[in-house]
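Read the structure below first, then the notes.
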Amino acid sequence: MGKLFIVSGPSGAGKSTLTRKAIDFFPDLRFSISYTTRPPRRGEKNGVDYIFVDEATFDEMIARDEFVEYATVHGRKYGTREKDLRELLSGGVDVLLDIDVQGAEKIAKRIKEAVFIFVLPPSIEVCRERLKKRGDIPPEELEKRVATAIEEIKKIDHYDYVIINDNMESAFEKLKSVIIAERIKKDILAERVKKIFNLQEV
Ligand code: ADP
Ligand code: 5GP
């Protein structure tokens, strides 16, 4: 069974940048591709960044109970299809999910053994500046995002690890450390060690 890593936190925290770096770095870590009703941004590819669907298709998927979690984030729907996720995990693949805080709360109720990583900006001012710099948010949306970020940061107690993303390189070192540490836990390796050393069950 693969391990599930949830990277969550407010908009502008650096989740997608960190997620991309982790996927490039670990050849045996897969990104779970979400479904969304938002239109693709320039350079985004269907089936790579997201599976882009219309509202009706998304709603049919909800009705068929296909999502392990879904949420409306800044007016658009996003969801993780349960079948896709379970197939990867049961094939022994470690999976990284980049989802919003509401989605992470839903996963916490359904997949207890997932590892929850909270990414946050070093301050609200930096969060605002990064969102502005990313350039894909209308000015009237910006303060709404910042207010939502403050509400989301209050959920920090639900997480296993916290990465304050001040400097990208050191934030990425921390994410790598979490993934590596989780992969060498005794519960993960005990069976393999017993086989290697031909040990009897105790
Ligand atoms: P999220 O996915 O959490 O919304 P992004 O990864 O899209 O956040 O990051 C938001 C913006 O901030 C992007 O333009 C990104 O390049 C920038 N950014 C992320 N981390 C840092 C950092 N440590 N220092 C400077 N800029 C950063
Ligand atoms: P963006 O539109 O910038 O790619 O993503 C907006 C937000 O949606 C981010 O906070 C991202 O983590 C979140 N998101 C992406 N996919 C999912 C998903 O499948 N479920 C949930 N709940 N949130 C998601």
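By convention in this document, the chains of the structure tokens carry letters A, B, ... by their order, each chain's residues are numbered from 1, and ligands are numbered from 1 in the order they are shown.
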*Using only C-alpha atoms and all ligand atoms, find each protein or nucleic acid residue lying at most 7 Å from ligand 1; present the set as a PyMOL selection string.*
chain A and resi 9-18+130-131+133-134+165-168
Got time to write the residues from that selection, C-alpha atoms, as a PDB file, in the first residue's frame?
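And here's selection-v7.pdb as it stands now:
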```pdb
ATOM      1  CA  GLY A   9      -2.561  25.449   3.179  1.00  0.00           C
ATOM      2  CA  PRO A  10      -3.811  28.832   2.051  1.00  0.00           C
ATOM      3  CA  SER A  11      -3.696  30.153  -1.479  1.00  0.00           C
ATOM      4  CA  GLY A  12      -0.301  31.706  -2.234  1.00  0.00           C
ATOM      5  CA  ALA A  13       1.518  29.603   0.385  1.00  0.00           C
ATOM      6  CA  GLY A  14       3.605  27.860  -2.271  1.00  0.00           C
ATOM      7  CA  LYS A  15       1.853  24.470  -2.396  1.00  0.00           C
ATOM      8  CA  SER A  16       1.885  23.968  -6.142  1.00  0.00           C
ATOM      9  CA  THR A  17       5.508  25.124  -6.504  1.00  0.00           C
ATOM     10  CA  LEU A  18       6.596  22.727  -3.752  1.00  0.00           C
ATOM     11  CA  ARG A 130       2.988  36.576  -3.703  1.00  0.00           C
ATOM     12  CA  LEU A 131      -0.627  36.367  -4.773  1.00  0.00           C
ATOM     13  CA  LYS A 133       2.889  38.727  -8.182  1.00  0.00           C
ATOM     14  CA  ARG A 134       1.355  35.513  -9.508  1.00  0.00           C
ATOM     15  CA  ASN A 165       7.644  28.861   3.245  1.00  0.00           C
ATOM     16  CA  ASP A 166       9.995  31.783   3.639  1.00  0.00           C
ATOM     17  CA  ASN A 167      12.744  30.607   1.352  1.00  0.00           C
ATOM     18  CA  MET A 168      11.772  28.121  -1.375  1.00  0.00           C
TER      19      MET A 168
END
```
_Within 12 Å of A:Ala147 using only C-alpha atoms, minus same-chain residues under 6 positions, as a PyMOL selection string_ = chain A and resi 10-11+74+124-125+127-128+141+153-154
Write the residues of the selection above to a file with all heavy atoms, as an mmCIF file, in the first residue's frame.
```
data_model
loop_
_atom_site.group_PDB
_atom_site.id
_atom_site.type_symbol
_atom_site.label_atom_id
_atom_site.label_comp_id
_atom_site.auth_asym_id
_atom_site.auth_seq_id
_atom_site.Cartn_x
_atom_site.Cartn_y
_atom_site.Cartn_z
ATOM 1 N N PRO A 10 -3.107 27.767 2.770
ATOM 2 C CA PRO A 10 -3.811 28.832 2.051
ATOM 3 C C PRO A 10 -3.253 29.095 0.656
ATOM 4 O O PRO A 10 -2.120 28.718 0.347
ATOM 5 C CB PRO A 10 -3.611 30.060 2.946
ATOM 6 C CG PRO A 10 -2.493 29.742 3.847
ATOM 7 C CD PRO A 10 -2.402 28.254 3.964
ATOM 8 N N SER A 11 -4.068 29.736 -0.133
ATOM 9 C CA SER A 11 -3.696 30.153 -1.479
ATOM 10 C C SER A 11 -2.481 31.077 -1.389
ATOM 11 O O SER A 11 -2.425 31.958 -0.531
ATOM 12 C CB SER A 11 -4.907 30.901 -2.041
ATOM 13 O OG SER A 11 -4.729 31.178 -3.377
ATOM 14 N N HIS A 74 -12.588 29.327 -4.144
ATOM 15 C CA HIS A 74 -12.676 30.586 -4.884
ATOM 16 C C HIS A 74 -13.643 30.482 -6.066
ATOM 17 O O HIS A 74 -13.330 30.847 -7.195
ATOM 18 C CB HIS A 74 -11.289 31.034 -5.374
ATOM 19 C CG HIS A 74 -10.220 30.886 -4.336
ATOM 20 N ND1 HIS A 74 -10.310 31.473 -3.097
ATOM 21 C CD2 HIS A 74 -9.055 30.186 -4.331
ATOM 22 C CE1 HIS A 74 -9.248 31.145 -2.379
ATOM 23 N NE2 HIS A 74 -8.480 30.361 -3.101
ATOM 24 N N ILE A 124 1.284 37.467 6.536
ATOM 25 C CA ILE A 124 0.153 37.815 5.669
ATOM 26 C C ILE A 124 0.589 38.793 4.574
ATOM 27 O O ILE A 124 0.150 38.702 3.425
ATOM 28 C CB ILE A 124 -1.016 38.380 6.517
ATOM 29 C CG1 ILE A 124 -1.738 37.216 7.199
ATOM 30 C CG2 ILE A 124 -2.002 39.205 5.695
ATOM 31 C CD1 ILE A 124 -2.340 36.172 6.243
ATOM 32 N N GLU A 125 1.521 39.678 4.919
ATOM 33 C CA GLU A 125 2.000 40.656 3.911
ATOM 34 C C GLU A 125 2.677 39.920 2.748
ATOM 35 O O GLU A 125 2.442 40.226 1.583
ATOM 36 C CB GLU A 125 3.011 41.639 4.541
ATOM 37 C CG GLU A 125 2.420 42.632 5.526
ATOM 38 C CD GLU A 125 1.992 41.977 6.843
ATOM 39 O OE1 GLU A 125 2.621 40.968 7.241
ATOM 40 O OE2 GLU A 125 1.005 42.443 7.445
ATOM 41 N N CYS A 127 2.163 36.820 1.896
ATOM 42 C CA CYS A 127 1.102 36.072 1.205
ATOM 43 C C CYS A 127 0.438 36.988 0.168
ATOM 44 O O CYS A 127 0.278 36.611 -1.006
ATOM 45 C CB CYS A 127 0.091 35.603 2.247
ATOM 46 S SG CYS A 127 -1.297 34.697 1.582
ATOM 47 N N ARG A 128 0.097 38.199 0.596
ATOM 48 C CA ARG A 128 -0.568 39.163 -0.306
ATOM 49 C C ARG A 128 0.334 39.487 -1.498
ATOM 50 O O ARG A 128 -0.101 39.479 -2.645
ATOM 51 C CB ARG A 128 -0.903 40.431 0.489
ATOM 52 C CG ARG A 128 -1.707 41.444 -0.288
ATOM 53 C CD ARG A 128 -1.993 42.686 0.528
ATOM 54 N NE ARG A 128 -3.004 42.490 1.553
ATOM 55 C CZ ARG A 128 -2.796 42.580 2.869
ATOM 56 N NH1 ARG A 128 -1.589 42.860 3.339
ATOM 57 N NH2 ARG A 128 -3.776 42.401 3.730
ATOM 58 N N GLU A 141 -10.437 40.491 -5.817
ATOM 59 C CA GLU A 141 -10.436 39.141 -5.220
ATOM 60 C C GLU A 141 -9.363 39.016 -4.132
ATOM 61 O O GLU A 141 -9.468 38.178 -3.235
ATOM 62 C CB GLU A 141 -10.062 38.113 -6.295
ATOM 63 C CG GLU A 141 -11.168 37.265 -6.886
ATOM 64 C CD GLU A 141 -11.918 36.426 -5.882
ATOM 65 O OE1 GLU A 141 -11.326 35.498 -5.312
ATOM 66 O OE2 GLU A 141 -13.113 36.710 -5.679
ATOM 67 N N ILE A 153 -5.450 29.292 8.250
ATOM 68 C CA ILE A 153 -4.272 29.096 9.107
ATOM 69 C C ILE A 153 -4.715 28.659 10.520
ATOM 70 O O ILE A 153 -3.995 27.955 11.214
ATOM 71 C CB ILE A 153 -3.362 30.351 9.091
ATOM 72 C CG1 ILE A 153 -2.745 30.491 7.685
ATOM 73 C CG2 ILE A 153 -2.260 30.268 10.139
ATOM 74 C CD1 ILE A 153 -2.030 31.797 7.401
ATOM 75 N N LYS A 154 -5.942 29.002 10.886
ATOM 76 C CA LYS A 154 -6.468 28.572 12.198
ATOM 77 C C LYS A 154 -6.612 27.052 12.295
ATOM 78 O O LYS A 154 -6.776 26.508 13.377
ATOM 79 C CB LYS A 154 -7.838 29.216 12.456
ATOM 80 C CG LYS A 154 -7.773 30.723 12.639
ATOM 81 C CD LYS A 154 -9.156 31.289 12.898
ATOM 82 C CE LYS A 154 -9.114 32.802 12.977
ATOM 83 N NZ LYS A 154 -10.471 33.393 12.879
#
```
*Please extract the residues at most 9 Å from ligand 2, counting only C-alpha atoms and all ligand atoms, and provide them as number ranges by chain, using the chain letters and residue numbers of this document.*
A: 7-13, 15-16, 32-36, 38-41, 49-50, 67, 69-74, 76-81, 97-106, 136
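Here atom CA of A:Phe58 is placed at a distance of 7.1 Å from atom CA of A:Thr37.
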*Name the residues of chain A that come out as strand (DSSP E or B) in a backbone DSSP run; write them as a PyMOL selection string.*
chain A and resi 4-8+29-31+34-36+46+50-52+67-73+76-81+94-98+115-120+161-164
*asked:* Residues near A:Pro27, anyone? I mean within 12 Å using only C-alpha atoms, not counting same-chain ones fewer than 6 positions away, as a PyMOL selection string.
replied: chain A and resi 20-21+93-95
Could you save those same residues with N, CA and C atoms as a PDB file, in the first residue's frame?
```pdb
ATOM      1  N   ARG A  20       5.293  20.528  -7.291  1.00  0.00           N
ATOM      2  CA  ARG A  20       5.965  20.266  -8.568  1.00  0.00           C
ATOM      3  C   ARG A  20       7.413  19.846  -8.351  1.00  0.00           C
ATOM      4  N   LYS A  21       8.083  20.538  -7.443  1.00  0.00           N
ATOM      5  CA  LYS A  21       9.489  20.209  -7.174  1.00  0.00           C
ATOM      6  C   LYS A  21       9.612  18.788  -6.607  1.00  0.00           C
ATOM      7  N   VAL A  93       2.004   2.707  -4.844  1.00  0.00           N
ATOM      8  CA  VAL A  93       2.626   3.978  -5.233  1.00  0.00           C
ATOM      9  C   VAL A  93       2.354   5.043  -4.163  1.00  0.00           C
ATOM     10  N   ASP A  94       3.402   5.807  -3.817  1.00  0.00           N
ATOM     11  CA  ASP A  94       3.202   6.947  -2.913  1.00  0.00           C
ATOM     12  C   ASP A  94       2.618   8.104  -3.716  1.00  0.00           C
ATOM     13  N   VAL A  95       1.657   8.786  -3.117  1.00  0.00           N
ATOM     14  CA  VAL A  95       0.900   9.808  -3.858  1.00  0.00           C
ATOM     15  C   VAL A  95       0.920  11.137  -3.097  1.00  0.00           C
TER      16      VAL A  95
END
```
*asked:* At a cut-off of 12 Å, using only C-alpha atoms, what residues contact A:Asp187? Leave out same-chain residues fewer than 5 positions from it and give the result as a PyMOL selection string.
replied: chain A and resi 1+3+113+181-182+192-194
Could you write out that same residue set with N, CA, C and O atoms as a short mmCIF file (atom, residue, chain, number, x, y, z; two decimals), in the first residue's frame?
```cif
data_model
loop_
_atom_site.label_atom_id
_atom_site.label_comp_id
_atom_site.auth_asym_id
_atom_site.auth_seq_id
_atom_site.Cartn_x
_atom_site.Cartn_y
_atom_site.Cartn_z
N MET A 1 0.85 -1.20 0.00
CA MET A 1 0.00 0.00 0.00
C MET A 1 0.88 1.26 0.00
O MET A 1 1.80 1.35 0.81
N LYS A 3 1.86 5.36 0.33
CA LYS A 3 1.59 6.37 1.36
C LYS A 3 0.97 7.59 0.70
O LYS A 3 1.33 7.95 -0.43
N GLU A 113 -4.60 7.30 7.81
CA GLU A 113 -3.16 7.09 7.77
C GLU A 113 -2.42 8.05 6.84
O GLU A 113 -1.20 7.98 6.70
N ALA A 181 11.49 10.82 5.82
CA ALA A 181 11.28 10.30 7.18
C ALA A 181 10.06 9.37 7.24
O ALA A 181 10.11 8.30 7.84
N GLU A 182 8.99 9.76 6.56
CA GLU A 182 7.78 8.93 6.57
C GLU A 182 8.03 7.59 5.89
O GLU A 182 7.42 6.59 6.24
N ARG A 192 9.70 -5.69 5.23
CA ARG A 192 10.80 -5.88 4.29
C ARG A 192 12.06 -6.39 5.02
O ARG A 192 12.76 -7.28 4.54
N VAL A 193 12.32 -5.83 6.18
CA VAL A 193 13.49 -6.24 6.96
C VAL A 193 13.37 -7.71 7.35
O VAL A 193 14.33 -8.48 7.25
N LYS A 194 12.18 -8.12 7.75
CA LYS A 194 11.98 -9.52 8.16
C LYS A 194 12.27 -10.45 6.99
O LYS A 194 12.87 -11.52 7.16
#
```
*asked:* Using DSSP assignments from the backbone, pull out every residue in stretch 50-151 of chain A that falls under helix (DSSP H, G or I) and give it to me as an NGL selection string.
replied: :A and (55-63 or 82-90 or 101-110 or 124-134 or 139-151)
*Would you work out the distance separating atom CA of A:Phe5 from atom CA of A:Val115, expressed in Å to one decimal?*
4.9 Å
